[in-house]
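Okay, run-v1.cif now, which holds mmCIF, C-alpha atoms:
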data_start
#
loop_
_atom_site.group_PDB
_atom_site.id
_atom_site.type_symbol
_atom_site.label_atom_id
_atom_site.label_comp_id
_atom_site.auth_asym_id
_atom_site.auth_seq_id
_atom_site.Cartn_x
_atom_site.Cartn_y
_atom_site.Cartn_z
ATOM 1 C CA MET G 19 29.723 1.605 60.620
ATOM 2 C CA ALA G 20 29.630 1.454 64.437
ATOM 3 C CA LYS G 21 29.601 5.262 64.598
ATOM 4 C CA LYS G 22 26.565 5.421 62.301
ATOM 5 C CA ARG G 23 24.748 2.737 64.269
ATOM 6 C CA ASP G 24 25.425 4.706 67.478
ATOM 7 C CA GLU G 25 23.931 7.792 65.810
ATOM 8 C CA PHE G 26 20.686 5.893 65.141
ATOM 9 C CA THR G 27 20.659 4.420 68.635
ATOM 10 C CA ALA G 28 21.094 7.889 70.142
ATOM 11 C CA TRP G 29 18.295 9.234 67.950
ATOM 12 C CA MET G 30 15.907 6.473 68.976
ATOM 13 C CA HIS G 31 16.802 6.852 72.681
ATOM 14 C CA ARG G 32 16.299 10.581 72.449
ATOM 15 C CA THR G 33 12.771 10.036 71.212
ATOM 16 C CA LYS G 34 11.994 7.799 74.185
ATOM 17 C CA SER G 35 13.915 9.456 77.009
ATOM 18 C CA ASN G 36 12.894 13.102 76.774
ATOM 19 C CA LYS G 37 9.256 12.727 77.765
ATOM 20 C CA GLU G 38 9.618 15.056 80.792
ATOM 21 C CA ASN G 39 11.107 17.880 78.767
ATOM 22 C CA ALA G 40 8.317 20.176 77.566
ATOM 23 C CA VAL G 41 10.333 21.400 74.586
ATOM 24 C CA TRP G 42 10.137 17.970 72.948
ATOM 25 C CA ASP G 43 6.668 17.456 71.492
ATOM 26 C CA LYS G 44 5.105 14.534 69.698
ATOM 27 C CA PRO G 45 4.340 15.670 66.136
ATOM 28 C CA LYS G 46 0.845 15.320 64.741
ATOM 29 C CA ILE G 47 0.639 12.320 62.373
ATOM 30 C CA THR G 48 -1.615 12.907 59.369
ATOM 31 C CA ILE G 49 -2.426 10.086 56.929
ATOM 32 C CA ILE G 50 -3.888 11.103 53.574
ATOM 33 C CA LYS G 51 -4.487 9.780 50.080
ATOM 34 C CA GLY G 52 -3.122 12.063 47.414
ATOM 35 C CA ASP G 53 -0.350 13.384 45.248
ATOM 36 C CA ILE G 54 2.731 14.220 47.333
ATOM 37 C CA THR G 55 3.676 17.004 44.916
ATOM 38 C CA LYS G 56 0.500 18.866 45.927
ATOM 39 C CA VAL G 57 1.074 18.568 49.687
ATOM 40 C CA LYS G 58 2.180 21.680 51.557
ATOM 41 C CA ALA G 59 5.053 20.715 53.861
ATOM 42 C CA ASP G 60 8.451 22.184 54.681
ATOM 43 C CA ALA G 61 10.136 18.938 53.575
ATOM 44 C CA ILE G 62 8.897 16.587 50.856
ATOM 45 C CA VAL G 63 10.515 13.142 50.818
ATOM 46 C CA ASN G 64 11.319 11.614 47.444
ATOM 47 C CA ALA G 65 11.545 7.842 47.083
ATOM 48 C CA ALA G 66 14.580 8.188 44.826
ATOM 49 C CA ASN G 67 16.765 5.637 43.112
ATOM 50 C CA SER G 68 20.472 5.528 43.868
ATOM 51 C CA GLY G 69 21.394 7.174 40.571
ATOM 52 C CA LEU G 70 19.652 10.417 41.635
ATOM 53 C CA LEU G 71 18.999 11.136 37.975
ATOM 54 C CA GLY G 72 15.357 10.191 37.700
ATOM 55 C CA GLY G 73 13.096 7.228 38.023
ATOM 56 C CA SER G 74 9.445 6.294 37.955
ATOM 57 C CA GLY G 75 6.560 6.653 40.396
ATOM 58 C CA VAL G 76 7.055 9.227 43.163
ATOM 59 C CA ASP G 77 10.513 10.176 41.866
ATOM 60 C CA TRP G 78 9.152 10.963 38.399
ATOM 61 C CA ALA G 79 6.202 12.953 39.802
ATOM 62 C CA ILE G 80 8.426 15.045 42.082
ATOM 63 C CA ARG G 81 10.903 15.797 39.294
ATOM 64 C CA GLN G 82 8.126 16.835 36.922
ATOM 65 C CA ALA G 83 6.548 19.129 39.521
ATOM 66 C CA ALA G 84 9.828 20.632 40.797
ATOM 67 C CA GLY G 85 11.219 21.460 37.371
ATOM 68 C CA LEU G 86 14.605 21.541 35.664
ATOM 69 C CA GLY G 87 16.475 23.092 38.600
ATOM 70 C CA LEU G 88 16.025 19.897 40.612
ATOM 71 C CA GLN G 89 17.441 17.762 37.808
ATOM 72 C CA GLN G 90 20.459 20.047 37.528
ATOM 73 C CA GLU G 91 21.132 19.968 41.290
ATOM 74 C CA CYS G 92 20.812 16.171 41.356
ATOM 75 C CA GLN G 93 23.218 15.921 38.415
ATOM 76 C CA LEU G 94 25.791 17.952 40.392
ATOM 77 C CA LEU G 95 25.257 15.818 43.500
ATOM 78 C CA ARG G 96 25.831 12.694 41.443
ATOM 79 C CA GLU G 97 28.989 14.047 39.837
ATOM 80 C CA GLU G 98 30.546 15.728 42.881
ATOM 81 C CA VAL G 99 29.274 13.919 45.997
ATOM 82 C CA TYR G 100 27.851 10.511 45.044
ATOM 83 C CA PRO G 101 29.694 9.321 41.904
ATOM 84 C CA LYS G 102 28.660 5.725 42.667
ATOM 85 C CA GLY G 103 25.119 6.762 43.566
ATOM 86 C CA LEU G 104 23.324 7.429 46.850
ATOM 87 C CA PRO G 105 23.458 4.218 48.925
ATOM 88 C CA VAL G 106 20.296 2.423 50.050
ATOM 89 C CA GLY G 107 19.091 3.765 53.397
ATOM 90 C CA LYS G 108 20.856 7.122 52.984
ATOM 91 C CA ALA G 109 19.269 10.528 52.362
ATOM 92 C CA VAL G 110 20.304 13.874 50.922
ATOM 93 C CA SER G 111 18.446 17.189 50.619
ATOM 94 C CA THR G 112 18.094 19.574 47.690
ATOM 95 C CA GLY G 113 16.164 22.732 46.985
ATOM 96 C CA ALA G 114 12.419 22.336 46.409
ATOM 97 C CA TYR G 115 12.274 24.568 43.309
ATOM 98 C CA LYS G 116 8.641 24.721 42.117
ATOM 99 C CA LEU G 117 7.250 22.547 44.921
ATOM 100 C CA ASN G 118 5.437 24.160 47.842
ATOM 101 C CA ALA G 119 8.215 23.204 50.288
ATOM 102 C CA LYS G 120 11.577 24.367 51.655
ATOM 103 C CA ILE G 121 13.505 21.245 50.684
ATOM 104 C CA ILE G 122 13.203 17.870 48.995
ATOM 105 C CA ILE G 123 14.783 14.968 50.856
ATOM 106 C CA HIS G 124 15.852 12.147 48.529
ATOM 107 C CA THR G 125 16.186 8.710 50.117
ATOM 108 C CA VAL G 126 16.844 5.350 48.514
ATOM 109 C CA GLY G 127 14.633 2.605 49.875
ATOM 110 C CA PRO G 128 15.506 -1.081 49.848
ATOM 111 C CA ARG G 129 14.343 -3.470 47.146
ATOM 112 C CA TYR G 130 12.340 -5.981 49.165
ATOM 113 C CA TYR G 131 13.740 -9.172 47.646
ATOM 114 C CA LYS G 132 17.305 -7.893 47.256
ATOM 115 C CA ASP G 133 18.294 -5.515 50.086
ATOM 116 C CA ASN G 134 18.102 -5.711 53.867
ATOM 117 C CA PRO G 135 14.500 -4.692 54.745
ATOM 118 C CA GLU G 136 15.801 -2.938 57.893
ATOM 119 C CA LEU G 137 17.258 -0.271 55.616
ATOM 120 C CA LEU G 138 13.718 1.094 55.217
ATOM 121 C CA ARG G 139 13.864 2.215 58.850
ATOM 122 C CA GLU G 140 17.089 4.098 58.110
ATOM 123 C CA CYS G 141 15.406 5.927 55.201
ATOM 124 C CA TYR G 142 12.813 7.374 57.572
ATOM 125 C CA ILE G 143 15.325 8.156 60.330
ATOM 126 C CA ARG G 144 17.784 9.894 58.020
ATOM 127 C CA SER G 145 14.963 11.875 56.384
ATOM 128 C CA ILE G 146 13.701 13.058 59.773
ATOM 129 C CA MET G 147 17.234 14.005 60.821
ATOM 130 C CA LEU G 148 17.692 16.092 57.654
ATOM 131 C CA ALA G 149 14.314 17.770 58.190
ATOM 132 C CA GLU G 150 15.310 18.702 61.741
ATOM 133 C CA GLU G 151 18.727 19.978 60.595
ATOM 134 C CA ASN G 152 16.944 22.191 58.057
ATOM 135 C CA SER G 153 14.448 23.545 60.639
ATOM 136 C CA CYS G 154 11.465 21.971 58.913
ATOM 137 C CA GLU G 155 8.287 22.005 60.989
ATOM 138 C CA SER G 156 6.484 19.560 58.693
ATOM 139 C CA ILE G 157 7.581 16.621 56.558
ATOM 140 C CA ALA G 158 5.616 14.606 53.979
ATOM 141 C CA PHE G 159 6.545 10.988 53.249
ATOM 142 C CA PRO G 160 5.390 8.672 50.480
ATOM 143 C CA ALA G 161 5.267 4.955 51.308
ATOM 144 C CA ILE G 162 8.955 4.436 50.511
ATOM 145 C CA SER G 163 9.841 1.225 48.607
ATOM 146 C CA THR G 164 6.243 -0.032 48.359
ATOM 147 C CA GLY G 165 5.921 0.549 44.611
ATOM 148 C CA ALA G 166 8.405 -0.851 42.108
ATOM 149 C CA TYR G 167 10.725 -1.979 44.934
ATOM 150 C CA GLY G 168 8.095 -4.442 46.165
ATOM 151 C CA PHE G 169 8.085 -3.711 49.915
ATOM 152 C CA PRO G 170 4.765 -4.990 51.351
ATOM 153 C CA ILE G 171 2.564 -2.088 52.451
ATOM 154 C CA GLU G 172 1.683 -3.832 55.745
ATOM 155 C CA LYS G 173 5.361 -4.186 56.697
ATOM 156 C CA SER G 174 6.024 -0.586 55.688
ATOM 157 C CA ALA G 175 3.160 0.634 57.901
ATOM 158 C CA LYS G 176 4.446 -1.387 60.886
ATOM 159 C CA ILE G 177 7.922 0.126 60.563
ATOM 160 C CA VAL G 178 6.481 3.635 60.285
ATOM 161 C CA LYS G 179 4.233 3.080 63.319
ATOM 162 C CA GLU G 180 7.115 1.746 65.410
ATOM 163 C CA LEU G 181 9.343 4.681 64.490
ATOM 164 C CA PHE G 182 6.842 7.451 65.078
ATOM 165 C CA ASP G 183 4.875 6.089 68.052
ATOM 166 C CA ASN G 184 7.387 7.491 70.550
ATOM 167 C CA PHE G 185 9.069 10.098 68.375
ATOM 168 C CA LYS G 186 9.359 13.604 69.795
ATOM 169 C CA SER G 187 11.024 16.634 68.269
ATOM 170 C CA GLU G 188 11.964 20.185 69.135
ATOM 171 C CA VAL G 189 11.388 21.140 65.503
ATOM 172 C CA ILE G 190 8.963 18.889 63.629
ATOM 173 C CA GLN G 191 5.302 19.531 64.418
ATOM 174 C CA GLU G 192 3.621 17.395 61.754
ATOM 175 C CA ILE G 193 4.440 14.216 59.849
ATOM 176 C CA ILE G 194 2.246 13.692 56.779
ATOM 177 C CA LEU G 195 2.054 10.175 55.346
ATOM 178 C CA VAL G 196 0.871 10.409 51.737
ATOM 179 C CA LEU G 197 -0.562 7.243 50.160
ATOM 180 C CA TRP G 198 -1.371 6.849 46.499
ATOM 181 C CA SER G 199 -4.174 4.235 46.573
ATOM 182 C CA ASP G 200 -7.302 3.625 48.656
ATOM 183 C CA GLU G 201 -5.995 0.213 49.704
ATOM 184 C CA ASP G 202 -2.652 1.600 50.895
ATOM 185 C CA LEU G 203 -4.520 4.315 52.791
ATOM 186 C CA ARG G 204 -6.705 1.676 54.513
ATOM 187 C CA VAL G 205 -3.656 -0.367 55.519
ATOM 188 C CA TYR G 206 -1.799 2.635 56.941
ATOM 189 C CA LYS G 207 -4.851 3.900 58.834
ATOM 190 C CA ARG G 208 -5.506 0.434 60.266
ATOM 191 C CA GLU G 209 -1.890 -0.130 61.321
ATOM 192 C CA ILE G 210 -1.001 3.327 62.543
ATOM 193 C CA GLU G 211 -4.198 4.720 64.033
ATOM 194 C CA GLU G 212 -5.095 1.648 66.108
#
Rewritten as structure tokens:
Amino acid sequence: MAKKRDEFTAWMHRTKSNKENAVWDKPKITIIKGDITKVKADAIVNAANSGLLGGSGVDWAIRQAAGLGLQQECQLLREEVYPKGLPVGKAVSTGAYKLNAKIIIHTVGPRYYKDNPELLRECYIRSIMLAEENSCESIAFPAISTGAYGFPIEKSAKIVKELFDNFKSEVIQEIILVLWSDEDLRVYKREIEE
């Protein structure tokens, strides 16, 4: 576990310590209300469940829009790589199939009253790392864990703001935060744009 924690620490320090280096740029942050399956981005993040075999909300919408190929790839991942399911806070990428993207990044957010809320931060970090590894210039996030998993939207927005305020990347040029409701959009705009 120490090795993984060091990886996150290095990632966070990188975002804060490379300000002089012109190659590292702060991505544009875009906050919109909409359907994440309609967003054009190199990477689309799916708020998946650990089973990787389908769920409700964002997961259901992404699976419907991506088509059968996604379900088949997730089935193989479950059988061959994650027989006990994808752990909370982890992320894995698949093809995007019928979505207007290069990849789909599946991450399992914490259940607010059951799991460590700090694992939400790891969902975003691991998703960004996968996007960079896959040379994605743009990434679209839903508000991970704020639906059925009960994570308060205000706390989610604070974590996202803290993570991306000082984030710089050689690869990612835009981070798109996609909210489903007007109220969630207001909260994110208030927290992140101020």
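Nearest to G:Arg144 of all the residues G:Ala158, G:Val110, G:Ile122, G:Ile193 is G:Val110, based on only C-alpha atoms.
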**atom CA of G:Arg139 to atom CA of G:Lys56, straight-line distance in Å** = 25.0 Å
**Message:** Evaluated on this file, the PyMOL selection byres ((chain G and resi 49) around 6) picks out some residues - which ones are they, written as a VMD selection string?
**Reply:** chain G and resid 48 50 194 to 195
**Asked** Could you work out how far atom CA of G:Asn67 lies from atom CA of G:Pro101, giving the answer in Å with one decimal?
**Response**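 Separation of atom CA of G:Pro101 and atom CA of G:Asn67: 13.5 Å.
For the choices G:Ala65, G:Ile177, G:Val205, G:Leu71, the atom-to-atom distance to G:Leu86 is smallest for G:Leu71 when using all atoms listed in the file.
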**Request:** Report as number ranges by chain the full result of the PyMOL selection byres ((chain G and resi 207) around 12) when it is applied to this structure.
**Result:** G: 47-51, 171-172, 175-176, 178-179, 195-197, 200-206, 208-212
**Request:** Please provide the set of residues having any atom within 8 Å of G:Ile162, restricted to all atoms listed in the file, with same-chain residues fewer than 6 positions apart removed, written as JSON, numbers by chain.
**Result:** {"G": [65, 127, 138, 174]}
**Item:** Residue neighbourhood G:Val189, 9 Å, all atoms listed in the file, exclusion window fewer than 4 positions, as a PyMOL selection string
**Value:** chain G and resi 42-43+45+149-151+153-156
**Request:** For atom CA of G:Ile62 and atom CA of G:Lys108, quote the distance in Å rounded to one decimal.
**Result:** 15.4 Å
**Contact residues around G:Val76 with all atoms listed in the file at 12 Å, ignoring same-chain residues under 4 positions, as a ChimeraX atom specification** = /G:52-56,62-67,72,80-84,124-126,159-167,196-198
Put those residues in a file: C-alpha atoms, as a CSV table (one decimal), in the frame of the given file.
chain,number,residue,atom,x,y,z
G,52,GLY,CA,-3.1,12.1,47.4
G,53,ASP,CA,-0.4,13.4,45.2
G,54,ILE,CA,2.7,14.2,47.3
G,55,THR,CA,3.7,17.0,44.9
G,56,LYS,CA,0.5,18.9,45.9
G,62,ILE,CA,8.9,16.6,50.9
G,63,VAL,CA,10.5,13.1,50.8
G,64,ASN,CA,11.3,11.6,47.4
G,65,ALA,CA,11.5,7.8,47.1
G,66,ALA,CA,14.6,8.2,44.8
G,67,ASN,CA,16.8,5.6,43.1
G,72,GLY,CA,15.4,10.2,37.7
G,80,ILE,CA,8.4,15.0,42.1
G,81,ARG,CA,10.9,15.8,39.3
G,82,GLN,CA,8.1,16.8,36.9
G,83,ALA,CA,6.5,19.1,39.5
G,84,ALA,CA,9.8,20.6,40.8
G,124,HIS,CA,15.9,12.1,48.5
G,125,THR,CA,16.2,8.7,50.1
G,126,VAL,CA,16.8,5.4,48.5
G,159,PHE,CA,6.5,11.0,53.2
G,160,PRO,CA,5.4,8.7,50.5
G,161,ALA,CA,5.3,5.0,51.3
G,162,ILE,CA,9.0,4.4,50.5
G,163,SER,CA,9.8,1.2,48.6
G,164,THR,CA,6.2,0.0,48.4
G,165,GLY,CA,5.9,0.5,44.6
G,166,ALA,CA,8.4,-0.9,42.1
G,167,TYR,CA,10.7,-2.0,44.9
G,196,VAL,CA,0.9,10.4,51.7
G,197,LEU,CA,-0.6,7.2,50.2
G,198,TRP,CA,-1.4,6.8,46.5
**Request:** Compare G:Ala79, G:Val106, G:Leu117, G:Leu95 by their minimum atom-to-atom distance to G:Lys58, counting all atoms listed in the file, and give me the closest one.
**Result:**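 Answer, going by the shortest atom-to-atom distance: G:Leu117.
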**Prompt:** Pick the closest to G:Asp133 from G:Gly168, G:Lys44, G:Leu104, G:Asn152: which is it, counting only C-alpha atoms?
**Reply:** G:Gly168
**Exercise: residues within 10 Å of coordinate (21.3, 15.8, 44.5), counting all atoms listed in the file, as a VMD selection string** = chain G and resid 69 to 71 88 to 100 103 to 104 109 to 113 122 to 124
**Message:** Nearest residue to G:Tyr130 out of G:Pro170, G:Gly73, G:Ser68, G:Ala59, using all atoms listed in the file?
**Reply:** G:Pro170
Build an axis-aligned box that encloses every atom of stretch 48-60 of chain G listed in the file, pad it by 4 Å on each side, and report its centre and edge lengths in Å to one decimal, as lines of an AutoDock Vina configuration file.
center_x = 2.0
center_y = 16.0
center_z = 52.1
size_x = 20.9
size_y = 20.4
size_z = 22.5
Completed stretch 130-158 of chain G (N, CA and C atoms) as a tab-separated table (two decimals), in the coordinates of the input:
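And here's selection-v3.tsv as it stands now:
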chain	number	residue	atom	x	y	z
G	130	TYR	N	12.77	-5.01	48.16
G	130	TYR	CA	12.34	-5.98	49.16
G	130	TYR	C	13.02	-7.34	49.03
G	131	TYR	N	13.17	-7.83	47.83
G	131	TYR	CA	13.74	-9.17	47.65
G	131	TYR	C	15.24	-9.16	47.42
G	132	LYS	N	15.88	-7.98	47.52
G	132	LYS	CA	17.30	-7.89	47.26
G	132	LYS	C	18.09	-7.32	48.44
G	133	ASP	N	17.57	-6.24	49.04
G	133	ASP	CA	18.29	-5.52	50.09
G	133	ASP	C	17.77	-5.89	51.48
G	134	ASN	N	18.52	-5.50	52.49
G	134	ASN	CA	18.10	-5.71	53.87
G	134	ASN	C	16.86	-4.86	54.14
G	135	PRO	N	15.72	-5.47	54.51
G	135	PRO	CA	14.50	-4.69	54.74
G	135	PRO	C	14.64	-3.67	55.87
G	136	GLU	N	15.59	-3.89	56.79
G	136	GLU	CA	15.80	-2.94	57.89
G	136	GLU	C	16.29	-1.58	57.39
G	137	LEU	N	16.80	-1.54	56.17
G	137	LEU	CA	17.26	-0.27	55.62
G	137	LEU	C	16.10	0.70	55.40
G	138	LEU	N	14.87	0.20	55.34
G	138	LEU	CA	13.72	1.09	55.22
G	138	LEU	C	13.63	2.00	56.45
G	139	ARG	N	13.87	1.44	57.60
G	139	ARG	CA	13.86	2.22	58.85
G	139	ARG	C	14.88	3.36	58.76
G	140	GLU	N	16.06	3.07	58.23
G	140	GLU	CA	17.09	4.10	58.11
G	140	GLU	C	16.67	5.22	57.16
G	141	CYS	N	15.91	4.89	56.11
G	141	CYS	CA	15.41	5.93	55.20
G	141	CYS	C	14.58	6.96	55.96
G	142	TYR	N	13.68	6.47	56.81
G	142	TYR	CA	12.81	7.37	57.57
G	142	TYR	C	13.62	8.16	58.61
G	143	ILE	N	14.52	7.49	59.31
G	143	ILE	CA	15.32	8.16	60.33
G	143	ILE	C	16.20	9.24	59.71
G	144	ARG	N	16.90	8.91	58.64
G	144	ARG	CA	17.78	9.89	58.02
G	144	ARG	C	16.99	11.06	57.44
G	145	SER	N	15.81	10.80	56.92
G	145	SER	CA	14.96	11.88	56.38
G	145	SER	C	14.53	12.81	57.50
G	146	ILE	N	14.10	12.24	58.62
G	146	ILE	CA	13.70	13.06	59.77
G	146	ILE	C	14.88	13.89	60.27
G	147	MET	N	16.05	13.28	60.35
G	147	MET	CA	17.23	14.00	60.82
G	147	MET	C	17.55	15.20	59.91
G	148	LEU	N	17.45	14.99	58.59
G	148	LEU	CA	17.69	16.09	57.65
G	148	LEU	C	16.63	17.18	57.80
G	149	ALA	N	15.39	16.78	58.00
G	149	ALA	CA	14.31	17.77	58.19
G	149	ALA	C	14.59	18.61	59.44
G	150	GLU	N	14.99	17.96	60.52
G	150	GLU	CA	15.31	18.70	61.74
G	150	GLU	C	16.50	19.64	61.52
G	151	GLU	N	17.54	19.15	60.86
G	151	GLU	CA	18.73	19.98	60.60
G	151	GLU	C	18.39	21.20	59.76
G	152	ASN	N	17.35	21.09	58.93
G	152	ASN	CA	16.94	22.19	58.06
G	152	ASN	C	15.77	22.98	58.63
G	153	SER	N	15.50	22.80	59.93
G	153	SER	CA	14.45	23.54	60.64
G	153	SER	C	13.08	23.41	60.00
G	154	CYS	N	12.77	22.22	59.52
G	154	CYS	CA	11.46	21.97	58.91
G	154	CYS	C	10.45	21.60	59.99
G	155	GLU	N	9.33	22.28	60.01
G	155	GLU	CA	8.29	22.00	60.99
G	155	GLU	C	7.34	20.90	60.53
G	156	SER	N	7.34	20.63	59.22
G	156	SER	CA	6.48	19.56	58.69
G	156	SER	C	7.25	18.78	57.63
G	157	ILE	N	6.92	17.49	57.53
G	157	ILE	CA	7.58	16.62	56.56
G	157	ILE	C	6.54	15.67	55.98
G	158	ALA	N	6.56	15.50	54.66
G	158	ALA	CA	5.62	14.61	53.98
G	158	ALA	C	6.39	13.43	53.39
